[in-house]
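Everything on this sheet refers to the single structure shown next.
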Amino acid sequence: MDEIIVELKSVSKVYDETVALDGINLYIRKNEFVTLLGPSGCGKTTTLRLIGGFEQPTDGTILFEGRDVTDVPPYKRRVNTVFQRYALFSHLDVFENIAFGLRIKKYSEKVIKEKVGRMLEQVNLAGFEKRDVNSLSGGQQQRVAIARALVNEPEVLLLDEPLAALDLKLRKEMQHELKSMQKQLGITFVFVTHDQEEALSMSDTVVVMKDGRIQQIGTPVDIYNEPKNAFVADFIGESNIVDGIMRQDYVVDFGGATFDCVDFGFAKDEEVDVVIRPEDLVLIPAENAKLSGVVSSVNFLGVHYEMFVDADDGTSWLVHSTLMEPVGTRVGLGLEPMDIHIMKKVRP
Amino acid sequence: MKRSTLFPYVVWMALFIIVPMVLVLYYAFTVPTESGATWSLENFARFFEPIYLRVLWRSLRLAVISTVICLVIGYPAAMVMSGNAFEQKHVILLLFVVPMWMNFLLRTYAWLTILERNGVINVVLNSLNLPSLNILYTEGAVVLGMVYNFLPFMVLPIYSVLSKIDRGVVEAAGDLGANAFQVFAKVIFPLSLPGVVSGVTMVFMPALTTFVISRLLGGGQFTLIGNLIEQQFLVVGDWGFGSSISVVMIVLILLSMAIMSFFEGEEKDVALW
Ligand SMILES: Nc1ncnc2c1ncn2[C@@H]1O[C@H](COP(=O)(O)OP(=O)(O)OP(=O)(O)O)[C@@H](O)[C@H]1O
Ligand SMILES: [Mg+2]
């Protein structure tokens with residue numbers, strides 16, 4: 001389980017003028033479900049294409065089980081890809097699409113029938129063998145694309161936003177199916193998405209990227225609870241990010257008051273980002289609260305209310321709560337020391 | 001509303017397509033008598049005399065040869081133009097298209113001056129102390145004229161299909177283990193078949209029916225079916241026989257179109273090998 005299967009060593013990729021990747025270091029363990037997460041244009045697809053061999057890095061090396069594969073073409077890598085736009089072969093039916101890789105490898109007709117048949121069962125497309133791929137729904141095309149890649153039993157499966165085109169319900173279903181397939185087959189998945197919820201719910205490891213750099217690598221729980229910087233905090237779930245000053249270890253000033261916290265190791269009076277999750281803020285009576293303000297808007301989001309509270313110093317706090325206070329009410333905001341996350345300011 | 005907008009087209013089609021067709025059919029299936037005309041298959045019987053069958057055979061043969069040559073030259077050209085490797089691809093595209101802006105007769109006459117006894121080619125050969133070539137008024141010259149004139153009709157449809165092929169599909173094939181040759185054989189070529197079919201159709205049809213190229217570059221020695229029809233109408237004045245050859249021709253064309261569309265329909269299975 002701990003064996004490293006793919007490794008990127010200070011890999012950079014420059015297109016003409018754009019730096020798509022800027023010195024990425026990343027290793028992926030066998031049987032791991034790794035998700036590359038980040039905003040549009042941050043280099044997720046580029047990273048995947050480098051692993052797949054469709055692009056050559058401008059700089060750095062890519063290792064596969066310790067072997068340098070930087071110059072190995074895609075068809076010689078034991079990696080298969082599910083492309084962002086499926087890229088099915090429109091001149092072939094469902095069966096032949098899935099059989100494509102097996103035919104290239106010259107398997108016997110019998111073996112091909114058997115493997116493709118089993119794969120079709122797995123992706124719930126049994127009986128679709130002779131269907132024209134253009135006549136399939138988005139979700140079905142998606143499954144064909146996954147089956148076409150998986151039937152080759154790759155060591156690593158690369159998936160580039162495979163669920164982006166699906167509606168919410170189908171998407172949830174496919175997330176579940178993909179995850180269970182990955183567990184069952186014991187294949188390493190490298191999954192690209194810009195949907196943080198998808199990343200958190202499916203992955204063993206999340207890689208958060210921005211502007212061609214890795215911001216943080218960790219388990220979903222780590223990334224959510226211990227974001228390394230304000231960008232990660234903001235990107236993974238919603239956050240309140242305000243300026244603060246670290247008075248000393250375990251003491252921070254923000255919002256016009258002094259709070260106890262659990263962070264240490266900053267310089268005295270260092271300027272920091274203070275990150276607080278909206279669900280960690282609780283509404284309390286205004287009288288004995290360090291933070292207080294007036295409710296300026298309320299939205300009902302199904303499970304909880306989303307409220308903005310304008311504090312006296314002008315900061316607007318986002319609060320998630322199952323309880324609601326009407327607009328114009330004066331409320332206090334309570335929070336525990338461990339809910340205050342202190343982050344070094346990143347200077348752009 | 002719909003009816004009224006369709007009206008001009010209906011009139012147009014009636015005047016310029018249906019009426020001529022009916023006339024051709026009428027002339028083909030009748031022979032004149034003193035009191036008018038009677039139904040007869042006499043005109044068709046004549047066509048099956050050996051001398052005319054030889055003309056038909058020659059027309060088919062030259063048309064097939066020209067089409068094959070156009071395909072062999074045109075497909076790689078279309079591939080180069082649709083690829084990313086070549087920066088100046090619009091220049092090549094223009095090279096193929098520009099001659100088409102010029103009159104068909106002029107283009108063919110131009111070849112006369114290149115190929116003739118004292119033409120460009122022989123002048124160059126002579127200046128190198130090489131013997132002159134007799135290219136003009138050979139079958140080769142006729143084929144050359146056809147290939148030259150009809151090549152763009154092969155290149156353009158293939159080019160347009162090739163340039164629409166999603167690069168992702170090509171990458172997917174590579175991802176699944178196909179090398180460059182396999183990618184071409186199993187993905188690019190099958191996907192480009194519709195372009196090939198329409199290219200072949202668009203070259204084969206005019207090559208089969210041309211009479212200008214064979215007259216100018218063949219010097220009248222290589223009578224093709226088009227020349228035969230022209231002769232019957234304009235020289236001999238036998239409209240009945242001319243019309244019957246035209247009908248045979250139309251049947252041939254419909255037949256080859258049927259064969260072509262059969263291939264287009266079978267495209268899926270062709271790709272399976
Ligand atoms: N072939 C290319 N030529 C030039 N620039 C490119 C090319 N491919 C990607 N880029 C640039 O590299 C950067 C990273 O692109 P990439 O496709 O990896 O982003 P991404 O994270 O996958 O984004 P998205 O979520 O929108 O798919 C972008 O600025 C993009 O414009
Ligand atoms: Mg992308």
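Letters for chains follow the order of the structure tokens (A, B, ...), residue numbers begin at 1 for each chain, and ligand numbers begin at 1 in the order shown.
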At most 7 Å from ligand 2 (only C-alpha atoms and all ligand atoms): residue list as a list in words: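 So, counting only C-alpha atoms and all ligand atoms, the residues near ligand 2 are Ser40, Gly41, Lys44, Thr45 and Asp160 of chain A.
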Save out the residues we just selected, N, CA, C and O atoms, as a PDB file, in the first residue's frame.
```pdb
ATOM      1  N   SER A  40      -9.973  26.758 -12.322  1.00  0.00           N
ATOM      2  CA  SER A  40      -9.723  26.611 -13.749  1.00  0.00           C
ATOM      3  C   SER A  40      -8.380  27.233 -14.131  1.00  0.00           C
ATOM      4  O   SER A  40      -8.048  28.324 -13.680  1.00  0.00           O
ATOM      5  N   GLY A  41      -7.603  26.508 -14.933  1.00  0.00           N
ATOM      6  CA  GLY A  41      -6.338  27.033 -15.423  1.00  0.00           C
ATOM      7  C   GLY A  41      -5.177  26.859 -14.471  1.00  0.00           C
ATOM      8  O   GLY A  41      -4.092  27.372 -14.712  1.00  0.00           O
ATOM      9  N   LYS A  44      -4.220  21.428 -13.702  1.00  0.00           N
ATOM     10  CA  LYS A  44      -4.635  20.052 -13.397  1.00  0.00           C
ATOM     11  C   LYS A  44      -4.522  19.164 -14.624  1.00  0.00           C
ATOM     12  O   LYS A  44      -3.906  18.105 -14.584  1.00  0.00           O
ATOM     13  N   THR A  45      -5.138  19.618 -15.725  1.00  0.00           N
ATOM     14  CA  THR A  45      -5.090  18.826 -16.950  1.00  0.00           C
ATOM     15  C   THR A  45      -3.656  18.633 -17.404  1.00  0.00           C
ATOM     16  O   THR A  45      -3.254  17.542 -17.817  1.00  0.00           O
ATOM     17  N   ASP A 160      -9.936  12.941 -16.097  1.00  0.00           N
ATOM     18  CA  ASP A 160      -9.953  14.401 -16.170  1.00  0.00           C
ATOM     19  C   ASP A 160     -11.388  14.923 -16.112  1.00  0.00           C
ATOM     20  O   ASP A 160     -12.112  14.873 -17.093  1.00  0.00           O
TER      21      ASP A 160
END
```
Using only C-alpha atoms and all ligand atoms, find each residue with an atom at most 12 Å away from ligand 1 and format the answer as a PDB file with N, CA and C atoms, in the first residue's frame.
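Saved the output as out-v5.pdb:
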```pdb
ATOM      1  N   SER A  12       8.196  21.061 -14.418  1.00  0.00           N
ATOM      2  CA  SER A  12       7.651  22.325 -14.899  1.00  0.00           C
ATOM      3  C   SER A  12       7.172  22.148 -16.323  1.00  0.00           C
ATOM      4  N   LYS A  13       6.171  22.916 -16.684  1.00  0.00           N
ATOM      5  CA  LYS A  13       5.706  22.895 -18.067  1.00  0.00           C
ATOM      6  C   LYS A  13       5.398  24.330 -18.494  1.00  0.00           C
ATOM      7  N   VAL A  14       6.073  24.754 -19.536  1.00  0.00           N
ATOM      8  CA  VAL A  14       5.864  26.109 -20.036  1.00  0.00           C
ATOM      9  C   VAL A  14       5.346  26.025 -21.466  1.00  0.00           C
ATOM     10  N   TYR A  15       4.209  26.656 -21.718  1.00  0.00           N
ATOM     11  CA  TYR A  15       3.694  26.771 -23.088  1.00  0.00           C
ATOM     12  C   TYR A  15       3.991  28.189 -23.553  1.00  0.00           C
ATOM     13  N   ASP A  16       4.740  28.307 -24.636  1.00  0.00           N
ATOM     14  CA  ASP A  16       5.056  29.636 -25.162  1.00  0.00           C
ATOM     15  C   ASP A  16       5.323  30.628 -24.032  1.00  0.00           C
ATOM     16  N   GLU A  17       4.280  31.333 -23.607  1.00  0.00           N
ATOM     17  CA  GLU A  17       4.473  32.361 -22.583  1.00  0.00           C
ATOM     18  C   GLU A  17       3.937  31.921 -21.216  1.00  0.00           C
ATOM     19  N   THR A  18       2.952  31.002 -21.242  1.00  0.00           N
ATOM     20  CA  THR A  18       2.300  30.623 -19.980  1.00  0.00           C
ATOM     21  C   THR A  18       3.093  29.565 -19.234  1.00  0.00           C
ATOM     22  N   VAL A  19       3.262  29.791 -17.942  1.00  0.00           N
ATOM     23  CA  VAL A  19       3.830  28.758 -17.088  1.00  0.00           C
ATOM     24  C   VAL A  19       2.655  27.958 -16.549  1.00  0.00           C
ATOM     25  N   ALA A  20       2.461  26.758 -17.081  1.00  0.00           N
ATOM     26  CA  ALA A  20       1.313  25.951 -16.668  1.00  0.00           C
ATOM     27  C   ALA A  20       1.618  25.216 -15.372  1.00  0.00           C
ATOM     28  N   LEU A  21       2.863  24.747 -15.239  1.00  0.00           N
ATOM     29  CA  LEU A  21       3.284  24.079 -14.012  1.00  0.00           C
ATOM     30  C   LEU A  21       4.638  24.633 -13.598  1.00  0.00           C
ATOM     31  N   ASP A  22       4.782  24.878 -12.310  1.00  0.00           N
ATOM     32  CA  ASP A  22       5.979  25.549 -11.835  1.00  0.00           C
ATOM     33  C   ASP A  22       6.636  24.706 -10.746  1.00  0.00           C
ATOM     34  N   LEU A  36      -6.607  15.832  -7.918  1.00  0.00           N
ATOM     35  CA  LEU A  36      -6.006  17.141  -8.162  1.00  0.00           C
ATOM     36  C   LEU A  36      -7.148  18.146  -8.168  1.00  0.00           C
ATOM     37  N   LEU A  37      -7.050  19.115  -7.285  1.00  0.00           N
ATOM     38  CA  LEU A  37      -8.145  20.063  -7.110  1.00  0.00           C
ATOM     39  C   LEU A  37      -7.609  21.473  -7.255  1.00  0.00           C
ATOM     40  N   GLY A  38      -8.356  22.292  -7.957  1.00  0.00           N
ATOM     41  CA  GLY A  38      -7.921  23.678  -8.070  1.00  0.00           C
ATOM     42  C   GLY A  38      -8.802  24.415  -9.051  1.00  0.00           C
ATOM     43  N   PRO A  39      -8.691  25.741  -9.067  1.00  0.00           N
ATOM     44  CA  PRO A  39      -9.529  26.531  -9.964  1.00  0.00           C
ATOM     45  C   PRO A  39      -9.127  26.322 -11.420  1.00  0.00           C
ATOM     46  N   SER A  40      -9.973  26.758 -12.322  1.00  0.00           N
ATOM     47  CA  SER A  40      -9.723  26.611 -13.749  1.00  0.00           C
ATOM     48  C   SER A  40      -8.380  27.233 -14.131  1.00  0.00           C
ATOM     49  N   GLY A  41      -7.603  26.508 -14.933  1.00  0.00           N
ATOM     50  CA  GLY A  41      -6.338  27.033 -15.423  1.00  0.00           C
ATOM     51  C   GLY A  41      -5.177  26.859 -14.471  1.00  0.00           C
ATOM     52  N   CYS A  42      -5.365  26.098 -13.381  1.00  0.00           N
ATOM     53  CA  CYS A  42      -4.292  25.975 -12.399  1.00  0.00           C
ATOM     54  C   CYS A  42      -3.287  24.898 -12.792  1.00  0.00           C
ATOM     55  N   GLY A  43      -3.578  24.121 -13.849  1.00  0.00           N
ATOM     56  CA  GLY A  43      -2.609  23.138 -14.318  1.00  0.00           C
ATOM     57  C   GLY A  43      -2.971  21.691 -14.033  1.00  0.00           C
ATOM     58  N   LYS A  44      -4.220  21.428 -13.702  1.00  0.00           N
ATOM     59  CA  LYS A  44      -4.635  20.052 -13.397  1.00  0.00           C
ATOM     60  C   LYS A  44      -4.522  19.164 -14.624  1.00  0.00           C
ATOM     61  N   THR A  45      -5.138  19.618 -15.725  1.00  0.00           N
ATOM     62  CA  THR A  45      -5.090  18.826 -16.950  1.00  0.00           C
ATOM     63  C   THR A  45      -3.656  18.633 -17.404  1.00  0.00           C
ATOM     64  N   THR A  46      -2.860  19.684 -17.298  1.00  0.00           N
ATOM     65  CA  THR A  46      -1.464  19.599 -17.706  1.00  0.00           C
ATOM     66  C   THR A  46      -0.740  18.515 -16.906  1.00  0.00           C
ATOM     67  N   THR A  47      -0.959  18.476 -15.599  1.00  0.00           N
ATOM     68  CA  THR A  47      -0.322  17.455 -14.764  1.00  0.00           C
ATOM     69  C   THR A  47      -0.712  16.065 -15.237  1.00  0.00           C
ATOM     70  N   LEU A  48      -1.996  15.889 -15.512  1.00  0.00           N
ATOM     71  CA  LEU A  48      -2.501  14.598 -15.965  1.00  0.00           C
ATOM     72  C   LEU A  48      -1.887  14.201 -17.307  1.00  0.00           C
ATOM     73  N   ARG A  49      -1.808  15.192 -18.208  1.00  0.00           N
ATOM     74  CA  ARG A  49      -1.273  14.906 -19.549  1.00  0.00           C
ATOM     75  C   ARG A  49       0.209  14.551 -19.478  1.00  0.00           C
ATOM     76  N   LEU A  50       0.898  15.116 -18.501  1.00  0.00           N
ATOM     77  CA  LEU A  50       2.308  14.762 -18.322  1.00  0.00           C
ATOM     78  C   LEU A  50       2.435  13.323 -17.822  1.00  0.00           C
ATOM     79  N   PHE A  54       1.173  12.583 -22.828  1.00  0.00           N
ATOM     80  CA  PHE A  54       0.737  13.357 -23.990  1.00  0.00           C
ATOM     81  C   PHE A  54       1.527  14.651 -24.139  1.00  0.00           C
ATOM     82  N   GLU A  55       2.183  15.047 -23.070  1.00  0.00           N
ATOM     83  CA  GLU A  55       3.039  16.229 -23.127  1.00  0.00           C
ATOM     84  C   GLU A  55       4.367  15.865 -22.479  1.00  0.00           C
ATOM     85  N   GLN A  56       5.407  16.567 -22.926  1.00  0.00           N
ATOM     86  CA  GLN A  56       6.708  16.390 -22.291  1.00  0.00           C
ATOM     87  C   GLN A  56       6.935  17.558 -21.341  1.00  0.00           C
ATOM     88  N   PHE A  83     -10.863  10.808 -20.739  1.00  0.00           N
ATOM     89  CA  PHE A  83     -10.640  12.189 -21.147  1.00  0.00           C
ATOM     90  C   PHE A  83     -11.782  13.109 -20.734  1.00  0.00           C
ATOM     91  N   GLN A  84     -11.428  14.415 -20.652  1.00  0.00           N
ATOM     92  CA  GLN A  84     -12.386  15.421 -20.194  1.00  0.00           C
ATOM     93  C   GLN A  84     -13.655  15.378 -21.050  1.00  0.00           C
ATOM     94  N   ARG A  85     -13.482  15.196 -22.373  1.00  0.00           N
ATOM     95  CA  ARG A  85     -14.672  15.110 -23.232  1.00  0.00           C
ATOM     96  C   ARG A  85     -14.825  13.707 -23.820  1.00  0.00           C
ATOM     97  N   LEU A 159      -8.227  10.364 -14.661  1.00  0.00           N
ATOM     98  CA  LEU A 159      -9.583  10.814 -14.994  1.00  0.00           C
ATOM     99  C   LEU A 159      -9.644  12.331 -14.954  1.00  0.00           C
ATOM    100  N   ASP A 160      -9.936  12.941 -16.097  1.00  0.00           N
ATOM    101  CA  ASP A 160      -9.953  14.401 -16.170  1.00  0.00           C
ATOM    102  C   ASP A 160     -11.388  14.923 -16.112  1.00  0.00           C
ATOM    103  N   GLU A 161     -11.781  15.396 -14.970  1.00  0.00           N
ATOM    104  CA  GLU A 161     -13.140  15.891 -14.734  1.00  0.00           C
ATOM    105  C   GLU A 161     -14.187  15.019 -15.405  1.00  0.00           C
ATOM    106  N   PRO A 162     -14.179  13.725 -15.096  1.00  0.00           N
ATOM    107  CA  PRO A 162     -15.063  12.822 -15.839  1.00  0.00           C
ATOM    108  C   PRO A 162     -16.533  13.074 -15.548  1.00  0.00           C
ATOM    109  N   ALA A 164     -17.941  16.127 -14.926  1.00  0.00           N
ATOM    110  CA  ALA A 164     -18.315  17.537 -15.053  1.00  0.00           C
ATOM    111  C   ALA A 164     -19.594  17.745 -15.850  1.00  0.00           C
ATOM    112  N   PHE A 191      -7.470  11.669 -10.154  1.00  0.00           N
ATOM    113  CA  PHE A 191      -8.766  12.214 -10.521  1.00  0.00           C
ATOM    114  C   PHE A 191      -8.656  13.737 -10.496  1.00  0.00           C
ATOM    115  N   VAL A 192      -9.148  14.364 -11.550  1.00  0.00           N
ATOM    116  CA  VAL A 192      -9.091  15.826 -11.606  1.00  0.00           C
ATOM    117  C   VAL A 192     -10.485  16.398 -11.440  1.00  0.00           C
ATOM    118  N   THR A 193     -10.589  17.416 -10.616  1.00  0.00           N
ATOM    119  CA  THR A 193     -11.883  18.084 -10.490  1.00  0.00           C
ATOM    120  C   THR A 193     -11.646  19.518 -10.012  1.00  0.00           C
ATOM    121  N   HIS A 194     -12.630  20.372 -10.249  1.00  0.00           N
ATOM    122  CA  HIS A 194     -12.527  21.657  -9.572  1.00  0.00           C
ATOM    123  C   HIS A 194     -13.657  21.815  -8.562  1.00  0.00           C
ATOM    124  N   ASP A 195     -14.303  20.669  -8.266  1.00  0.00           N
ATOM    125  CA  ASP A 195     -15.399  20.660  -7.301  1.00  0.00           C
ATOM    126  C   ASP A 195     -14.858  20.145  -5.971  1.00  0.00           C
ATOM    127  N   VAL A 207      -4.767  16.945  -3.634  1.00  0.00           N
ATOM    128  CA  VAL A 207      -3.677  17.850  -3.980  1.00  0.00           C
ATOM    129  C   VAL A 207      -4.318  19.160  -4.419  1.00  0.00           C
ATOM    130  N   VAL A 208      -4.143  20.205  -3.634  1.00  0.00           N
ATOM    131  CA  VAL A 208      -4.738  21.492  -3.986  1.00  0.00           C
ATOM    132  C   VAL A 208      -3.723  22.294  -4.777  1.00  0.00           C
ATOM    133  N   MET A 209      -4.142  22.766  -5.948  1.00  0.00           N
ATOM    134  CA  MET A 209      -3.224  23.492  -6.819  1.00  0.00           C
ATOM    135  C   MET A 209      -3.740  24.891  -7.101  1.00  0.00           C
ATOM    136  N   LYS A 210      -2.780  25.779  -7.401  1.00  0.00           N
ATOM    137  CA  LYS A 210      -3.142  27.126  -7.812  1.00  0.00           C
ATOM    138  C   LYS A 210      -1.996  27.682  -8.637  1.00  0.00           C
ATOM    139  N   ASP A 211      -2.306  28.281  -9.750  1.00  0.00           N
ATOM    140  CA  ASP A 211      -1.305  28.903 -10.620  1.00  0.00           C
ATOM    141  C   ASP A 211      -0.095  28.014 -10.875  1.00  0.00           C
ATOM    142  N   GLY A 212      -0.327  26.743 -11.139  1.00  0.00           N
ATOM    143  CA  GLY A 212       0.774  25.858 -11.487  1.00  0.00           C
ATOM    144  C   GLY A 212       1.632  25.413 -10.325  1.00  0.00           C
ATOM    145  N   ARG A 213       1.189  25.678  -9.113  1.00  0.00           N
ATOM    146  CA  ARG A 213       1.930  25.223  -7.942  1.00  0.00           C
ATOM    147  C   ARG A 213       1.022  24.432  -7.028  1.00  0.00           C
ATOM    148  N   ILE A 214       1.637  23.500  -6.295  1.00  0.00           N
ATOM    149  CA  ILE A 214       0.866  22.750  -5.309  1.00  0.00           C
ATOM    150  C   ILE A 214       0.798  23.569  -4.034  1.00  0.00           C
TER     151      ILE A 214
ATOM    152  N   ARG B 167      -8.948  15.889 -31.815  1.00  0.00           N
ATOM    153  CA  ARG B 167      -7.605  15.424 -31.452  1.00  0.00           C
ATOM    154  C   ARG B 167      -7.651  14.482 -30.260  1.00  0.00           C
TER     155      ARG B 167
END
```
Using only C-alpha atoms, which chain A residues lie at most 7 Å away from chain B, written as a ChimeraX atom specification? /A:74-76,80-81,87-89,91-92,101,104
Shell around segment 207-210 of chain B at 10 Å using only C-alpha atoms, local window under 3 positions removed, as a PyMOL selection string: chain B and resi 56+58-67+142-143+145-147+149-150+201-204+213-215+224-227+229+246+249-250+252-253
If we count only C-alpha atoms, what is near segment 196-201 of chain A at a cut-off of 7 Å, once residues fewer than 5 positions away on the same chain are taken out, given as a ChimeraX atom specification? /A:35,37,206,220,236
With DSSP run on the backbone, what are the helix (DSSP H, G or I) residues within segment 9-200 of chain A? I'd like them as a ChimeraX atom specification. /A:44-52,74-76,94-104,109-122,133-135,138-150,168-185,196-200
If DSSP is run on the backbone, what residues of segment 268-340 of chain A are strand (DSSP E)? A reply as number ranges by chain would be ideal. A: 270-276, 282-284, 291-300, 305-311, 316-321, 330-334
Would you save the residues of that selection, restricted to N, CA, C and O atoms, as a compact mmCIF listing (two decimals), in the first residue's frame?
```txt
# COMPACT_ATOMS: atom_id res chain seq x y z
N GLU A 270 3.31 39.54 14.59
CA GLU A 270 3.31 39.24 13.16
C GLU A 270 1.89 39.36 12.60
O GLU A 270 0.92 38.95 13.23
N GLU A 271 1.80 39.96 11.40
CA GLU A 271 0.49 40.04 10.74
C GLU A 271 0.15 38.70 10.13
O GLU A 271 0.98 38.09 9.46
N VAL A 272 -1.05 38.22 10.38
CA VAL A 272 -1.45 36.89 9.91
C VAL A 272 -2.85 36.94 9.30
O VAL A 272 -3.57 37.92 9.44
N ASP A 273 -3.19 35.84 8.59
CA ASP A 273 -4.57 35.63 8.16
C ASP A 273 -5.26 34.78 9.21
O ASP A 273 -4.73 33.75 9.64
N VAL A 274 -6.44 35.21 9.61
CA VAL A 274 -7.23 34.42 10.54
C VAL A 274 -8.38 33.80 9.75
O VAL A 274 -9.13 34.51 9.08
N VAL A 275 -8.47 32.47 9.80
CA VAL A 275 -9.50 31.77 9.03
C VAL A 275 -10.49 31.11 9.98
O VAL A 275 -10.09 30.38 10.88
N ILE A 276 -11.76 31.40 9.78
CA ILE A 276 -12.79 30.80 10.62
C ILE A 276 -13.91 30.26 9.72
O ILE A 276 -14.43 30.98 8.87
N VAL A 282 -21.02 30.57 16.26
CA VAL A 282 -22.36 30.34 16.81
C VAL A 282 -22.97 31.66 17.24
O VAL A 282 -22.27 32.57 17.68
N LEU A 283 -24.29 31.74 17.06
CA LEU A 283 -24.99 32.96 17.45
C LEU A 283 -25.22 32.93 18.96
O LEU A 283 -25.74 31.96 19.50
N ILE A 284 -24.77 34.00 19.63
CA ILE A 284 -24.99 34.11 21.08
C ILE A 284 -25.54 35.49 21.37
O ILE A 284 -25.50 36.37 20.49
N LEU A 291 -17.25 39.42 19.79
CA LEU A 291 -17.59 39.84 18.43
C LEU A 291 -19.09 40.04 18.37
O LEU A 291 -19.84 39.17 18.78
N SER A 292 -19.52 41.19 17.85
CA SER A 292 -20.95 41.35 17.68
C SER A 292 -21.24 42.23 16.47
O SER A 292 -20.37 42.95 15.98
N GLY A 293 -22.48 42.13 15.99
CA GLY A 293 -22.85 42.91 14.81
C GLY A 293 -24.32 42.74 14.51
O GLY A 293 -25.06 42.16 15.30
N VAL A 294 -24.71 43.24 13.32
CA VAL A 294 -26.12 43.24 12.96
C VAL A 294 -26.30 42.30 11.76
O VAL A 294 -25.53 42.34 10.81
N VAL A 295 -27.32 41.45 11.84
CA VAL A 295 -27.60 40.53 10.74
C VAL A 295 -28.01 41.34 9.51
O VAL A 295 -28.93 42.15 9.57
N SER A 296 -27.30 41.15 8.38
CA SER A 296 -27.60 41.96 7.20
C SER A 296 -28.30 41.16 6.11
O SER A 296 -28.94 41.72 5.23
N SER A 297 -28.17 39.84 6.14
CA SER A 297 -28.92 39.05 5.16
C SER A 297 -29.07 37.62 5.64
O SER A 297 -28.24 37.12 6.40
N VAL A 298 -30.13 36.99 5.22
CA VAL A 298 -30.40 35.61 5.61
C VAL A 298 -30.84 34.83 4.37
O VAL A 298 -31.66 35.30 3.60
N ASN A 299 -30.21 33.67 4.15
CA ASN A 299 -30.60 32.78 3.06
C ASN A 299 -30.87 31.41 3.63
O ASN A 299 -30.06 30.91 4.41
N PHE A 300 -31.96 30.78 3.20
CA PHE A 300 -32.20 29.42 3.64
C PHE A 300 -31.64 28.46 2.60
O PHE A 300 -31.96 28.54 1.43
N TYR A 305 -29.14 27.76 7.58
CA TYR A 305 -29.27 29.14 7.10
C TYR A 305 -27.89 29.70 6.85
O TYR A 305 -26.93 29.37 7.55
N GLU A 306 -27.80 30.56 5.86
CA GLU A 306 -26.56 31.29 5.61
C GLU A 306 -26.86 32.75 5.96
O GLU A 306 -27.76 33.35 5.38
N MET A 307 -26.09 33.28 6.93
CA MET A 307 -26.34 34.66 7.35
C MET A 307 -25.07 35.49 7.27
O MET A 307 -23.98 34.97 7.49
N PHE A 308 -25.23 36.75 6.91
CA PHE A 308 -24.10 37.66 7.00
C PHE A 308 -24.32 38.59 8.19
O PHE A 308 -25.40 39.15 8.34
N VAL A 309 -23.30 38.71 9.02
CA VAL A 309 -23.38 39.58 10.17
C VAL A 309 -22.34 40.68 10.00
O VAL A 309 -21.14 40.40 9.89
N ASP A 310 -22.79 41.94 9.91
CA ASP A 310 -21.86 43.06 9.76
C ASP A 310 -21.39 43.49 11.14
O ASP A 310 -22.16 44.03 11.93
N ALA A 311 -20.11 43.26 11.41
CA ALA A 311 -19.56 43.60 12.73
C ALA A 311 -19.35 45.10 12.83
O ALA A 311 -19.38 45.82 11.83
N SER A 316 -17.52 41.74 7.48
CA SER A 316 -18.76 41.00 7.30
C SER A 316 -18.48 39.52 7.55
O SER A 316 -17.59 38.94 6.94
N TRP A 317 -19.18 38.92 8.50
CA TRP A 317 -18.94 37.52 8.87
C TRP A 317 -20.00 36.64 8.25
O TRP A 317 -21.19 36.92 8.34
N LEU A 318 -19.53 35.53 7.64
CA LEU A 318 -20.46 34.54 7.10
C LEU A 318 -20.70 33.49 8.18
O LEU A 318 -19.76 32.95 8.75
N VAL A 319 -21.98 33.25 8.49
CA VAL A 319 -22.33 32.32 9.55
C VAL A 319 -23.27 31.25 8.99
O VAL A 319 -24.24 31.58 8.30
N HIS A 320 -22.96 29.98 9.24
CA HIS A 320 -23.89 28.90 8.92
C HIS A 320 -24.50 28.41 10.23
O HIS A 320 -23.77 28.09 11.16
N SER A 321 -25.82 28.36 10.29
CA SER A 321 -26.45 27.92 11.52
C SER A 321 -27.81 27.32 11.20
O SER A 321 -28.45 27.71 10.23
N ARG A 330 -29.47 42.44 16.43
CA ARG A 330 -28.10 42.54 16.91
C ARG A 330 -27.73 41.21 17.56
O ARG A 330 -28.45 40.70 18.41
N VAL A 331 -26.64 40.60 17.08
CA VAL A 331 -26.25 39.30 17.63
C VAL A 331 -24.78 39.30 18.00
O VAL A 331 -24.00 40.13 17.53
N GLY A 332 -24.42 38.36 18.85
CA GLY A 332 -23.02 38.14 19.15
C GLY A 332 -22.55 36.87 18.45
O GLY A 332 -23.36 36.01 18.10
N LEU A 333 -21.23 36.78 18.20
CA LEU A 333 -20.67 35.60 17.54
C LEU A 333 -19.70 34.92 18.50
O LEU A 333 -18.73 35.53 18.95
N GLY A 334 -20.00 33.66 18.83
CA GLY A 334 -19.12 32.93 19.73
C GLY A 334 -18.26 31.96 18.97
O GLY A 334 -18.65 31.46 17.92
```
